file query30.tsv (TSV, C-alpha atoms)
chain	number	residue	atom	x	y	z
A	22	MET	CA	-76.83	-11.54	160.03
A	23	LYS	CA	-76.13	-15.28	160.14
A	24	ILE	CA	-76.32	-16.77	156.66
A	25	LEU	CA	-76.17	-20.40	155.53
A	26	LEU	CA	-75.13	-21.17	151.94
A	27	PRO	CA	-75.91	-24.78	150.95
A	28	VAL	CA	-74.41	-25.78	147.58
A	29	ILE	CA	-74.04	-28.97	145.54
A	30	GLY	CA	-72.14	-29.52	142.31
A	31	VAL	CA	-68.59	-29.41	140.98
A	32	ARG	CA	-65.80	-26.97	141.74
A	33	GLY	CA	-67.10	-24.22	139.46
A	34	ASP	CA	-70.38	-24.18	141.37
A	35	ILE	CA	-68.61	-24.21	144.73
A	36	GLN	CA	-66.34	-21.27	143.85
A	37	VAL	CA	-69.33	-19.06	143.09
A	38	PHE	CA	-70.67	-19.62	146.61
A	39	LEU	CA	-67.29	-19.22	148.30
A	40	ALA	CA	-66.89	-15.87	146.55
A	41	LEU	CA	-70.29	-14.73	147.83
A	42	ALA	CA	-69.55	-16.00	151.34
A	43	LYS	CA	-66.32	-13.98	151.44
A	44	ALA	CA	-68.08	-10.85	150.20
A	45	LEU	CA	-70.80	-11.20	152.83
A	46	ASN	CA	-68.21	-11.74	155.55
A	47	ASN	CA	-66.41	-8.58	154.43
A	48	GLU	CA	-69.63	-6.65	155.01
A	49	GLY	CA	-69.91	-7.88	158.59
A	50	HIS	CA	-72.19	-10.87	158.12
A	51	GLU	CA	-71.50	-14.34	159.50
A	52	THR	CA	-71.60	-16.96	156.77
A	53	THR	CA	-71.28	-20.73	156.71
A	54	VAL	CA	-71.23	-22.90	153.59
A	55	ALA	CA	-72.67	-26.43	153.60
A	56	LEU	CA	-70.94	-28.44	150.88
A	57	ASN	CA	-69.54	-31.77	149.74
A	58	LYS	CA	-66.60	-33.06	151.80
A	59	LYS	CA	-64.42	-32.96	148.66
A	60	PHE	CA	-64.33	-29.16	148.88
A	61	LEU	CA	-63.88	-28.64	152.61
A	62	LYS	CA	-60.17	-27.82	152.28
A	63	LEU	CA	-60.96	-25.30	149.57
A	64	ALA	CA	-63.40	-23.49	151.86
A	65	GLU	CA	-60.91	-23.67	154.71
A	66	SER	CA	-58.15	-22.16	152.54
A	67	TYR	CA	-60.28	-19.03	152.14
A	68	GLY	CA	-61.09	-18.82	155.85
A	69	ILE	CA	-64.77	-19.64	155.35
A	70	ASP	CA	-66.71	-21.60	157.98
A	71	PHE	CA	-68.26	-24.79	156.66
A	72	TYR	CA	-70.39	-27.85	157.33
A	73	SER	CA	-69.88	-31.14	155.50
A	74	LEU	CA	-72.90	-32.51	153.67
A	75	GLU	CA	-73.47	-36.24	153.66
A	76	GLY	CA	-72.46	-38.29	150.64
A	77	LYS	CA	-69.30	-39.44	148.88
A	78	ALA	CA	-66.45	-37.11	147.94
A	79	ASP	CA	-67.01	-37.75	144.22
A	80	ASP	CA	-70.72	-36.94	144.32
A	81	GLY	CA	-71.35	-34.30	141.67
A	82	THR	CA	-68.45	-35.34	139.45
A	83	ASN	CA	-69.83	-38.84	138.95
A	84	GLU	CA	-73.27	-37.39	138.36
A	85	LEU	CA	-71.99	-35.03	135.69
A	86	GLN	CA	-70.26	-37.89	133.93
A	87	GLU	CA	-73.58	-39.73	133.69
A	88	ILE	CA	-75.45	-36.63	132.54
A	89	MET	CA	-72.89	-35.98	129.80
A	90	LYS	CA	-73.49	-39.46	128.39
A	91	ALA	CA	-77.12	-38.55	127.63
A	92	LYS	CA	-77.96	-38.48	123.93
A	93	THR	CA	-80.71	-35.85	124.20
A	94	THR	CA	-81.46	-32.77	126.32
A	95	MET	CA	-84.53	-34.46	127.78
A	96	GLU	CA	-82.53	-37.52	128.79
A	97	ALA	CA	-79.92	-35.25	130.41
A	98	ALA	CA	-82.69	-33.43	132.31
A	99	LYS	CA	-84.15	-36.72	133.55
A	100	ARG	CA	-80.76	-37.91	134.77
A	101	GLY	CA	-80.09	-34.57	136.41
A	102	THR	CA	-83.45	-34.67	138.19
A	103	LYS	CA	-82.80	-38.22	139.41
A	104	PHE	CA	-79.41	-37.28	140.81
A	105	PHE	CA	-80.78	-34.08	142.38
A	106	PHE	CA	-83.35	-35.97	144.43
A	107	LYS	CA	-80.82	-38.65	145.30
A	108	GLY	CA	-78.51	-35.97	146.68
A	109	VAL	CA	-81.28	-34.05	148.43
A	110	ILE	CA	-82.59	-37.12	150.23
A	111	GLY	CA	-79.12	-37.87	151.57
A	112	GLN	CA	-78.48	-34.31	152.71
A	113	THR	CA	-81.84	-32.97	153.84
A	114	LYS	CA	-81.42	-34.16	157.43
A	115	THR	CA	-78.32	-31.98	157.81
A	116	LEU	CA	-80.06	-28.98	156.23
A	117	GLN	CA	-83.15	-29.40	158.41
A	118	GLU	CA	-80.92	-29.25	161.47
A	119	LEU	CA	-78.96	-26.21	160.22
A	120	CYS	CA	-81.65	-23.94	158.76
A	121	PRO	CA	-83.33	-23.01	162.09
A	122	LEU	CA	-79.95	-21.72	163.34
A	123	TYR	CA	-79.61	-19.04	160.62
A	124	ASP	CA	-81.35	-15.80	159.67
A	125	LEU	CA	-81.14	-16.38	155.91
A	126	ILE	CA	-80.56	-19.30	153.55
A	127	ILE	CA	-78.93	-18.69	150.15
A	128	GLY	CA	-79.05	-21.90	148.12
A	129	TYR	CA	-78.00	-23.27	144.76
A	130	GLY	CA	-81.19	-23.27	142.70
A	131	SER	CA	-83.84	-24.81	144.93
A	132	PHE	CA	-81.32	-26.69	147.09
A	133	GLY	CA	-82.27	-25.86	150.69
A	134	LEU	CA	-85.55	-24.14	149.74
A	135	ALA	CA	-87.87	-26.74	151.30
A	136	GLU	CA	-85.78	-26.86	154.47
A	137	ALA	CA	-85.82	-23.06	154.71
A	138	ASP	CA	-89.61	-23.03	154.32
A	139	LYS	CA	-89.96	-25.66	157.03
A	140	ALA	CA	-87.88	-23.50	159.37
A	141	ASP	CA	-89.84	-20.39	158.30
A	142	LYS	CA	-86.65	-18.71	157.10
A	143	PRO	CA	-86.16	-16.42	154.08
A	144	PHE	CA	-84.50	-18.06	151.10
A	145	ILE	CA	-82.59	-16.56	148.16
A	146	SER	CA	-81.83	-18.65	145.08
A	147	VAL	CA	-78.62	-18.49	143.04
A	148	VAL	CA	-78.95	-19.83	139.49
A	149	ILE	CA	-76.14	-20.27	136.97
A	150	ASP	CA	-78.43	-21.04	134.03
A	151	PRO	CA	-80.51	-18.05	132.80
A	152	THR	CA	-83.30	-20.37	131.68
A	153	MET	CA	-83.97	-21.03	135.39
A	154	ALA	CA	-84.80	-17.36	136.07
A	155	GLU	CA	-88.32	-16.70	137.30
A	156	LYS	CA	-90.79	-15.94	134.51
A	157	LYS	CA	-94.32	-14.56	134.22
A	158	PHE	CA	-96.91	-14.43	131.46
A	159	SER	CA	-96.69	-11.32	129.30
A	160	LYS	CA	-98.12	-9.81	126.12
A	161	ASN	CA	-95.64	-11.81	124.07
A	162	MET	CA	-97.56	-14.93	123.04
A	163	ARG	CA	-94.43	-16.72	121.81
A	164	LEU	CA	-92.82	-16.33	125.25
A	165	ASN	CA	-96.07	-17.41	126.90
A	166	MET	CA	-96.18	-20.64	124.87
A	167	GLY	CA	-92.57	-21.35	125.79
A	168	LEU	CA	-93.38	-20.78	129.47
A	169	ILE	CA	-96.34	-23.15	129.29
A	170	MET	CA	-94.20	-25.88	127.76
A	171	GLU	CA	-91.51	-25.27	130.37
A	172	LYS	CA	-94.02	-25.55	133.24
A	173	ILE	CA	-95.42	-28.79	131.81
A	174	ALA	CA	-91.95	-30.29	131.44
A	175	LEU	CA	-90.92	-29.25	134.96
A	176	HIS	CA	-94.14	-30.67	136.40
A	177	PHE	CA	-93.52	-34.10	134.91
A	178	LEU	CA	-89.80	-34.09	135.68
A	179	MET	CA	-89.81	-32.63	139.19
A	180	GLY	CA	-93.18	-31.22	140.23
A	181	ARG	CA	-94.88	-34.16	141.90
A	182	LYS	CA	-91.65	-35.62	143.27
A	183	TYR	CA	-90.66	-32.28	144.76
A	184	GLU	CA	-94.03	-31.75	146.43
A	185	GLU	CA	-93.89	-35.28	147.82
A	186	PHE	CA	-90.42	-34.53	149.17
A	187	ARG	CA	-91.66	-31.33	150.85
A	188	LYS	CA	-94.52	-33.26	152.42
A	189	GLU	CA	-92.16	-35.95	153.71
A	190	ILE	CA	-90.02	-33.42	155.58
A	191	ARG	CA	-93.14	-31.54	156.77
A	192	ALA	CA	-92.45	-28.40	154.79
A	193	PRO	CA	-95.46	-26.43	153.50
A	194	PRO	CA	-96.44	-26.95	149.84
A	195	SER	CA	-94.74	-24.67	147.32
A	196	SER	CA	-98.01	-22.80	146.73
A	197	LYS	CA	-97.88	-21.45	150.30
A	198	SER	CA	-94.24	-20.34	150.17
A	199	ASN	CA	-93.16	-16.71	149.84
A	200	ASN	CA	-89.67	-17.84	148.88
A	201	PRO	CA	-87.42	-17.20	147.10
A	202	LEU	CA	-87.09	-13.51	147.96
A	203	LEU	CA	-84.63	-13.09	145.09
A	204	ILE	CA	-83.19	-15.07	142.20
A	205	LEU	CA	-79.57	-13.97	141.87
A	206	LEU	CA	-77.87	-14.48	138.51
A	207	PRO	CA	-74.08	-14.14	138.97
A	208	MET	CA	-73.41	-13.07	135.40
A	209	SER	CA	-72.74	-9.92	133.41
A	210	GLN	CA	-75.35	-7.57	131.99
A	211	TYR	CA	-73.06	-7.31	128.96
A	212	VAL	CA	-73.36	-11.05	128.30
A	213	ILE	CA	-76.79	-12.21	129.44
A	214	ILE	CA	-79.93	-11.27	127.53
A	215	GLU	CA	-82.82	-10.46	129.88
A	216	SER	CA	-86.11	-11.92	128.71
A	217	ASP	CA	-89.26	-9.78	128.38
A	218	ASN	CA	-91.15	-12.14	130.69
A	219	TRP	CA	-88.70	-12.15	133.59
A	220	THR	CA	-90.07	-11.03	136.95
A	221	SER	CA	-88.63	-8.30	139.16
A	222	ARG	CA	-87.21	-10.91	141.55
A	223	ASN	CA	-84.46	-11.75	139.03
A	224	VAL	CA	-81.27	-9.78	139.71
A	225	ILE	CA	-78.33	-9.78	137.27
A	226	SER	CA	-75.51	-8.74	139.57
A	227	GLY	CA	-72.38	-9.21	137.48
A	228	TYR	CA	-69.96	-12.13	137.80
A	229	TRP	CA	-68.66	-13.28	141.19
A	230	TYR	CA	-64.92	-13.85	141.29
A	231	LEU	CA	-62.97	-15.76	143.94
A	232	GLU	CA	-59.58	-14.05	143.99
A	233	THR	CA	-56.41	-16.12	144.35
A	234	ALA	CA	-54.64	-15.74	147.67
A	235	SER	CA	-51.73	-13.25	147.54
A	236	THR	CA	-49.44	-15.98	148.87
A	237	TYR	CA	-49.95	-18.18	145.79
A	238	SER	CA	-46.75	-19.26	144.06
A	239	PRO	CA	-46.98	-21.15	140.72
A	240	PRO	CA	-44.80	-24.22	140.12
A	241	LYS	CA	-41.30	-23.34	138.92
A	242	GLU	CA	-41.65	-25.78	136.02
A	243	LEU	CA	-44.75	-23.92	134.83
A	244	GLN	CA	-43.01	-20.54	135.05
A	245	GLU	CA	-40.08	-21.92	133.07
A	246	PHE	CA	-42.41	-23.36	130.42
A	247	ILE	CA	-44.18	-20.01	130.00
A	248	LYS	CA	-40.86	-18.16	129.54
A	249	LYS	CA	-39.55	-20.56	126.87
A	250	GLY	CA	-41.41	-19.03	123.95
A	251	GLU	CA	-44.51	-17.23	122.74
A	252	LYS	CA	-47.55	-17.15	124.99
A	253	PRO	CA	-49.16	-20.60	125.09
A	254	ILE	CA	-52.85	-21.26	124.71
A	255	PHE	CA	-54.76	-22.75	127.65
A	256	ILE	CA	-57.15	-25.71	127.46
A	257	SER	CA	-59.61	-26.65	130.20
A	258	PHE	CA	-62.80	-28.69	130.13
A	259	GLY	CA	-63.65	-28.33	133.81
A	260	SER	CA	-63.46	-30.74	136.69
A	261	ALA	CA	-65.56	-33.56	135.29
A	262	GLY	CA	-64.80	-35.79	132.30
A	263	TRP	CA	-66.89	-38.47	130.71
A	264	SER	CA	-64.62	-41.33	131.73
A	265	GLU	CA	-60.96	-42.31	132.03
A	266	GLU	CA	-61.04	-43.79	128.52
A	267	ASP	CA	-62.53	-40.60	127.13
A	268	ASN	CA	-59.88	-38.53	128.88
A	269	ILE	CA	-57.15	-40.52	127.13
A	270	SER	CA	-58.74	-40.13	123.70
A	271	LEU	CA	-59.34	-36.43	124.37
A	272	LEU	CA	-55.68	-35.83	125.24
A	273	ILE	CA	-54.64	-37.44	121.97
A	274	ILE	CA	-56.87	-34.99	120.07
A	275	LEU	CA	-55.53	-32.06	122.09
A	276	PHE	CA	-51.86	-33.06	121.68
A	277	GLU	CA	-52.17	-33.54	117.91
A	278	GLY	CA	-54.38	-30.47	117.38
A	279	VAL	CA	-51.93	-28.24	119.23
A	280	GLN	CA	-49.06	-29.77	117.26
A	281	GLN	CA	-50.81	-29.13	113.93
A	282	ALA	CA	-51.54	-25.53	114.91
A	283	GLY	CA	-47.85	-25.01	115.69
A	284	VAL	CA	-48.47	-23.54	119.15
A	285	ARG	CA	-47.66	-24.31	122.76
A	286	ALA	CA	-50.34	-25.20	125.28
A	287	ILE	CA	-51.01	-25.55	128.98
A	288	ILE	CA	-53.70	-28.18	129.54
A	289	LEU	CA	-55.71	-28.63	132.71
A	290	ASN	CA	-55.92	-32.40	133.16
A	291	THR	CA	-57.46	-33.71	136.38
A	292	GLU	CA	-56.37	-37.31	135.67
A	293	ILE	CA	-52.88	-38.72	136.21
A	294	HIS	CA	-51.07	-38.99	132.86
A	295	ALA	CA	-48.09	-41.36	132.93
A	296	ASP	CA	-47.28	-41.40	129.20
A	297	GLU	CA	-44.81	-39.12	127.43
A	298	ILE	CA	-45.83	-35.46	127.15
A	299	PRO	CA	-44.74	-33.44	124.08
A	300	ASP	CA	-42.28	-30.60	124.68
A	301	ASN	CA	-44.84	-28.00	123.57
A	302	ILE	CA	-47.40	-29.20	126.13
A	303	TYR	CA	-47.57	-28.59	129.90
A	304	LEU	CA	-50.11	-30.61	131.90
A	305	ILE	CA	-51.35	-29.32	135.23
A	306	GLN	CA	-54.07	-30.61	137.57
A	307	GLU	CA	-54.98	-27.32	139.22
A	308	ILE	CA	-54.19	-23.66	138.56
A	309	PRO	CA	-55.85	-20.36	139.57
A	310	PHE	CA	-57.19	-18.79	136.38
A	311	ASP	CA	-56.81	-15.17	137.48
A	312	TRP	CA	-53.04	-15.72	137.75
A	313	LEU	CA	-52.66	-17.88	134.64
A	314	PHE	CA	-54.68	-15.76	132.23
A	315	ASP	CA	-52.06	-13.01	132.25
A	316	HIS	CA	-49.71	-15.50	130.61
A	317	VAL	CA	-51.82	-17.12	127.83
A	318	SER	CA	-53.08	-15.98	124.42
A	319	CYS	CA	-56.51	-17.67	124.18
A	320	VAL	CA	-58.55	-20.34	125.95
A	321	VAL	CA	-60.16	-23.55	124.73
A	322	HIS	CA	-62.92	-24.36	127.23
A	323	HIS	CA	-66.23	-26.10	127.88
A	324	CYS	CA	-68.16	-22.86	128.58
A	325	GLY	CA	-69.10	-23.59	132.17
A	326	LEU	CA	-70.22	-20.38	133.88
A	327	GLY	CA	-67.13	-20.00	136.08
A	328	THR	CA	-64.55	-20.59	133.35
A	329	THR	CA	-66.43	-18.41	130.88
A	330	ALA	CA	-66.55	-15.59	133.43
A	331	GLU	CA	-62.79	-15.78	134.02
A	332	VAL	CA	-61.95	-15.83	130.30
A	333	LEU	CA	-64.22	-12.86	129.57
A	334	LYS	CA	-62.80	-10.89	132.49
A	335	ALA	CA	-59.27	-11.49	131.20
A	336	GLY	CA	-60.23	-10.17	127.76
A	337	LEU	CA	-59.08	-13.33	125.97
A	338	PRO	CA	-60.57	-14.93	122.82
A	339	SER	CA	-62.42	-18.20	123.45
A	340	ILE	CA	-62.59	-21.50	121.58
A	341	PRO	CA	-65.85	-23.05	122.87
A	342	VAL	CA	-66.13	-26.84	123.15
A	343	PRO	CA	-69.43	-27.27	125.05
A	344	HIS	CA	-70.18	-30.63	126.63
A	345	MET	CA	-73.72	-30.41	128.04
A	346	ILE	CA	-76.86	-28.47	129.00
A	347	ASP	CA	-76.29	-24.71	129.55
A	348	GLN	CA	-72.75	-24.83	128.15
A	349	PHE	CA	-74.16	-24.83	124.61
A	350	ALA	CA	-76.11	-21.64	125.32
A	351	TRP	CA	-73.04	-19.89	126.76
A	352	ALA	CA	-70.94	-21.04	123.80
A	353	ASP	CA	-73.45	-19.62	121.32
A	354	ARG	CA	-73.73	-16.39	123.28
A	355	ILE	CA	-70.03	-15.55	123.46
A	356	HIS	CA	-69.70	-16.45	119.77
A	357	SER	CA	-72.51	-14.01	118.97
A	358	LEU	CA	-70.62	-11.32	120.91
A	359	GLY	CA	-67.65	-11.76	118.59
A	360	VAL	CA	-65.27	-12.93	121.31
A	361	ALA	CA	-65.22	-16.63	120.42
A	362	THR	CA	-64.89	-18.96	117.46
A	363	ASP	CA	-67.82	-21.02	116.24
A	364	PRO	CA	-68.57	-23.63	118.97
A	365	ILE	CA	-67.52	-27.25	118.43
A	366	PRO	CA	-69.57	-29.70	120.53
A	367	ARG	CA	-67.35	-32.13	122.43
A	368	LYS	CA	-68.66	-35.10	120.44
A	369	GLU	CA	-67.62	-33.39	117.18
A	370	LEU	CA	-64.13	-32.31	118.25
A	371	THR	CA	-61.37	-33.54	115.92
A	372	VAL	CA	-57.68	-32.79	115.47
A	373	GLU	CA	-58.36	-30.88	112.25
A	374	LYS	CA	-61.19	-28.78	113.70
A	375	LEU	CA	-59.18	-27.92	116.80
A	376	SER	CA	-56.17	-26.88	114.77
A	377	MET	CA	-58.28	-24.63	112.53
A	378	VAL	CA	-60.06	-22.78	115.37
A	379	ILE	CA	-56.80	-22.25	117.27
A	380	ALA	CA	-55.41	-20.50	114.20
A	381	GLU	CA	-58.59	-18.45	113.84
A	382	ALA	CA	-58.57	-17.30	117.47
A	383	LEU	CA	-54.91	-16.30	117.32
A	384	GLU	CA	-55.05	-14.57	113.93
A	385	ASN	CA	-58.41	-12.74	114.09
A	386	PRO	CA	-57.68	-9.12	115.16
A	387	ARG	CA	-61.35	-8.20	115.46
A	388	MET	CA	-62.02	-11.08	117.87
A	389	LYS	CA	-59.04	-10.04	119.99
A	390	GLU	CA	-60.24	-6.43	120.09
A	391	ASN	CA	-63.81	-7.45	120.94
A	392	ALA	CA	-62.56	-9.66	123.77
A	393	LYS	CA	-60.35	-6.86	125.10
A	394	LYS	CA	-63.20	-4.32	125.12
A	395	LEU	CA	-65.68	-6.71	126.73
A	396	GLY	CA	-63.11	-7.66	129.36
A	397	GLN	CA	-62.72	-4.00	130.34
A	398	LYS	CA	-66.49	-3.61	130.78
A	399	ILE	CA	-66.72	-6.75	132.91
A	400	ARG	CA	-63.77	-5.74	135.10
A	401	ASN	CA	-65.58	-2.49	135.85
A	402	GLU	CA	-68.67	-4.33	137.12
A	403	LYS	CA	-69.01	-4.88	140.87
A	404	GLY	CA	-70.81	-8.20	140.83
A	405	LEU	CA	-70.28	-9.23	144.43
A	406	LYS	CA	-71.01	-5.76	145.81
A	407	ASN	CA	-74.21	-5.63	143.76
A	408	ALA	CA	-75.21	-9.06	145.02
A	409	VAL	CA	-74.58	-8.17	148.69
A	410	ARG	CA	-76.51	-4.92	148.29
A	411	SER	CA	-79.46	-6.76	146.71
A	412	ILE	CA	-79.46	-9.39	149.47
A	413	GLU	CA	-79.44	-6.79	152.24
A	414	SER	CA	-82.20	-4.76	150.57
A	415	ALA	CA	-84.40	-7.83	150.15
A	416	ILE	CA	-84.00	-8.77	153.81
A	417	ASN	CA	-84.66	-5.21	155.01
A	418	GLU	CA	-87.91	-5.15	153.05
A	419	THR	CA	-89.27	-8.34	154.67

call {"tool": "encode", "arguments": {"input": "query30.tsv", "output": "structure tokens"}}
result
Amino acid sequence: MKILLPVIGVRGDIQVFLALAKALNNEGHETTVALNKKFLKLAESYGIDFYSLEGKADDGTNELQEIMKAKTTMEAAKRGTKFFFKGVIGQTKTLQELCPLYDLIIGYGSFGLAEADKADKPFISVVIDPTMAEKKFSKNMRLNMGLIMEKIALHFLMGRKYEEFRKEIRAPPSSKSNNPLLILLPMSQYVIIESDNWTSRNVISGYWYLETASTYSPPKELQEFIKKGEKPIFISFGSAGWSEEDNISLLIILFEGVQQAGVRAIILNTEIHADEIPDNIYLIQEIPFDWLFDHVSCVVHHCGLGTTAEVLKAGLPSIPVPHMIDQFAWADRIHSLGVATDPIPRKELTVEKLSMVIAEALENPRMKENAKKLGQKIRNEKGLKNAVRSIESAINET
């Protein structure tokens, strides 16, 4: 089966799709990803066929920076909707040309859905935010009221614009579409809470992991740093920051917080840092987590889906510092599972708070044990195999 996987977003989003593409290829399917030119080399490094979507290399990162500046959830949603349609308009021509050439389209959210409908092709949606799972009315009136409010909000944010977009590209209206066949949620059954009003089209498969190539060799300086003392902590806030100025102020907080806690740290920093770096700090711009997490004691992170999945799999305690949207929900969830400290929103992060939660994560034996046990459960899940099996079953039933 020939399968097209169109995806937009930052690296964490891209890795989820590359992992699925590899798994589908391993089962004899022929997959191609359509993605931002910034990630073409990443796809190529894993031997995955690709098409380049139109747009600038920094599309996605710049958008996230703007979304993170929003003062309210509604403002963030409005900005996200604006950027979504901006990206779709620039890339729909490519997708309209590609979709007729494939047997199945698996897209990020609704990205590629209209184009698949126009080409009369089956479409499967991958969502990384559980609130975007498909819902139905049930006997639970509280859930029903929430669903009504959600539908109203989506209608005013996206509804009319999306239907106008479908009409412009000559796709049928959403009401006449049988898609998506499935809504795949690449997350663990031990972490996500399934809602009573979810439909049967939602499939919780387990996390999808993109394994590091066996030829990977870490920098010698990093290996030497790790060997110098006790296991360092690791700090990563993903691939998108608010701004260069914010990155500088954030590093100051991280340097001083780590110093106060009396620990060593490896910090993922995507910006070039020319100033002096303390001896107990190692800055790195890119590192495969599945290799690194064998060498660290806990992780300070933003609670993006991909990073959270890797930390949980490794059985490490988390220090959540959510920045935006679904990250707050993931932060609260892993805290409720007893594998993370109380979340500190990015805007409230201080040297003193960081120092205190580092000490808590390193000294709390129950948190360490909870993280270890949950990690074992997650490692035993077969997320990608479950996803491939669900995809094949859905297609066979059409």

call {"tool": "closest_residue", "arguments": {"input": "query30.tsv", "among": "A:Ile298, A:Val409, A:Leu134, A:Val28", "to": "Ser195 (chain A)", "atoms": "all atoms listed in the file"}}
result
A:Leu134

call {"tool": "closest_residue", "arguments": {"input": "query30.tsv", "among": "A:Ala192, A:Ser339, A:Tyr211, A:Ile302", "to": "Glu242 (chain A)", "atoms": "all atoms listed in the file"}}
result
A:Ile302

call {"tool": "residues_around", "arguments": {"input": "query30.tsv", "residues": "Gly259 (chain A)", "least_positions_apart": "3", "cutoff": "8 Å", "atoms": "all atoms listed in the file", "output": "PyMOL selection string"}}
result
chain A and resi 33+262+322-323+325+328

call {"tool": "closest_residue", "arguments": {"input": "query30.tsv", "among": "A:Ile204, A:Gln36, A:Arg191, A:Ser216", "to": "Asn161 (chain A)", "atoms": "all atoms listed in the file"}}
result
A:Ser216

call {"tool": "residues_around", "arguments": {"input": "query30.tsv", "residues": "Arg285 (chain A)", "least_positions_apart": "6", "cutoff": "9 Å", "atoms": "all atoms listed in the file", "output": "ChimeraX atom specification"}}
result
/A:250-255,279,300-303

call {"tool": "atom_distance", "arguments": {"input": "query30.tsv", "atom1": "CA of Ile256 (chain A)", "atom2": "CA of Glu307 (chain A)"}}
result
12.1 Å

call {"tool": "closest_residue", "arguments": {"input": "query30.tsv", "among": "A:Ile340, A:Pro143, A:Phe158, A:Pro27", "to": "Leu116 (chain A)", "atoms": "all atoms listed in the file"}}
result
A:Pro27

call {"tool": "residues_around", "arguments": {"input": "query30.tsv", "residues": "Val342 (chain A)", "least_positions_apart": "3", "cutoff": "12 Å", "atoms": "only C-alpha atoms", "output": "compact mmCIF listing (two decimals) with C-alpha atoms, in the coordinates of the input"}}
result
# COMPACT_ATOMS: atom_id res chain seq x y z
CA ILE A 256 -57.15 -25.71 127.46
CA SER A 257 -59.61 -26.65 130.20
CA PHE A 258 -62.80 -28.69 130.13
CA GLY A 259 -63.65 -28.33 133.81
CA LEU A 271 -59.34 -36.43 124.37
CA LEU A 275 -55.53 -32.06 122.09
CA VAL A 320 -58.55 -20.34 125.95
CA VAL A 321 -60.16 -23.55 124.73
CA HIS A 322 -62.92 -24.36 127.23
CA HIS A 323 -66.23 -26.10 127.88
CA CYS A 324 -68.16 -22.86 128.58
CA GLY A 325 -69.10 -23.59 132.17
CA THR A 329 -66.43 -18.41 130.88
CA SER A 339 -62.42 -18.20 123.45
CA MET A 345 -73.72 -30.41 128.04
CA GLN A 348 -72.75 -24.83 128.15
CA PHE A 349 -74.16 -24.83 124.61
CA ALA A 350 -76.11 -21.64 125.32
CA TRP A 351 -73.04 -19.89 126.76
CA ALA A 352 -70.94 -21.04 123.80
CA ASP A 353 -73.45 -19.62 121.32
CA ILE A 355 -70.03 -15.55 123.46
CA HIS A 356 -69.70 -16.45 119.77
CA ALA A 361 -65.22 -16.63 120.42
CA THR A 362 -64.89 -18.96 117.46
CA ASP A 363 -67.82 -21.02 116.24
CA PRO A 364 -68.57 -23.63 118.97
CA ILE A 365 -67.52 -27.25 118.43
CA PRO A 366 -69.57 -29.70 120.53
CA ARG A 367 -67.35 -32.13 122.43
CA LYS A 368 -68.66 -35.10 120.44
CA GLU A 369 -67.62 -33.39 117.18
CA LEU A 370 -64.13 -32.31 118.25
CA THR A 371 -61.37 -33.54 115.92
CA LYS A 374 -61.19 -28.78 113.70
CA LEU A 375 -59.18 -27.92 116.80
CA VAL A 378 -60.06 -22.78 115.37
CA ILE A 379 -56.80 -22.25 117.27

call {"tool": "atom_distance", "arguments": {"input": "query30.tsv", "atom1": "CA of Trp229 (chain A)", "atom2": "CA of Asp141 (chain A)"}}
result
28.1 Å

call {"tool": "closest_residue", "arguments": {"input": "query30.tsv", "among": "A:Leu243, A:Ile308, A:Val372, A:Met153", "to": "Leu272 (chain A)", "atoms": "only C-alpha atoms"}}
result
A:Val372

call {"tool": "residues_around", "arguments": {"input": "query30.tsv", "residues": "region 392-408 of chain A", "least_positions_apart": "5", "cutoff": "10 Å", "atoms": "only C-alpha atoms", "output": "PyMOL selection string"}}
result
chain A and resi 37+40-45+48+205-212+224-231+330-339+355+358-361+386-387+413-414

call {"tool": "closest_residue", "arguments": {"input": "query30.tsv", "among": "A:Gly68, A:Gly283, A:Asn218, A:Gly128", "to": "Lys156 (chain A)", "atoms": "all atoms listed in the file"}}
result
A:Asn218

call {"tool": "atom_distance", "arguments": {"input": "query30.tsv", "atom1": "CA of Asn46 (chain A)", "atom2": "CA of Phe71 (chain A)"}}
result
13.1 Å

call {"tool": "residues_around", "arguments": {"input": "query30.tsv", "residues": "Gln117 (chain A)", "least_positions_apart": "3", "cutoff": "10 Å", "atoms": "only C-alpha atoms", "output": "list in words"}}
result
Gln112, Thr113, Lys114, Cys120, Pro121, Leu122, Gly133, Ala135, Glu136, Ala137, Asp138, Lys139, Ala140 and Ile190 of chain A

call {"tool": "axis_aligned_box", "arguments": {"input": "query30.tsv", "around": "region 235-251 of chain A", "padding_each_side": "5 Å", "output": "AutoDock Vina command-line options"}}
result
--center_x -45.6 --center_y -19.5 --center_z 135.8 --size_x 22.2 --size_y 22.5 --size_z 36.1
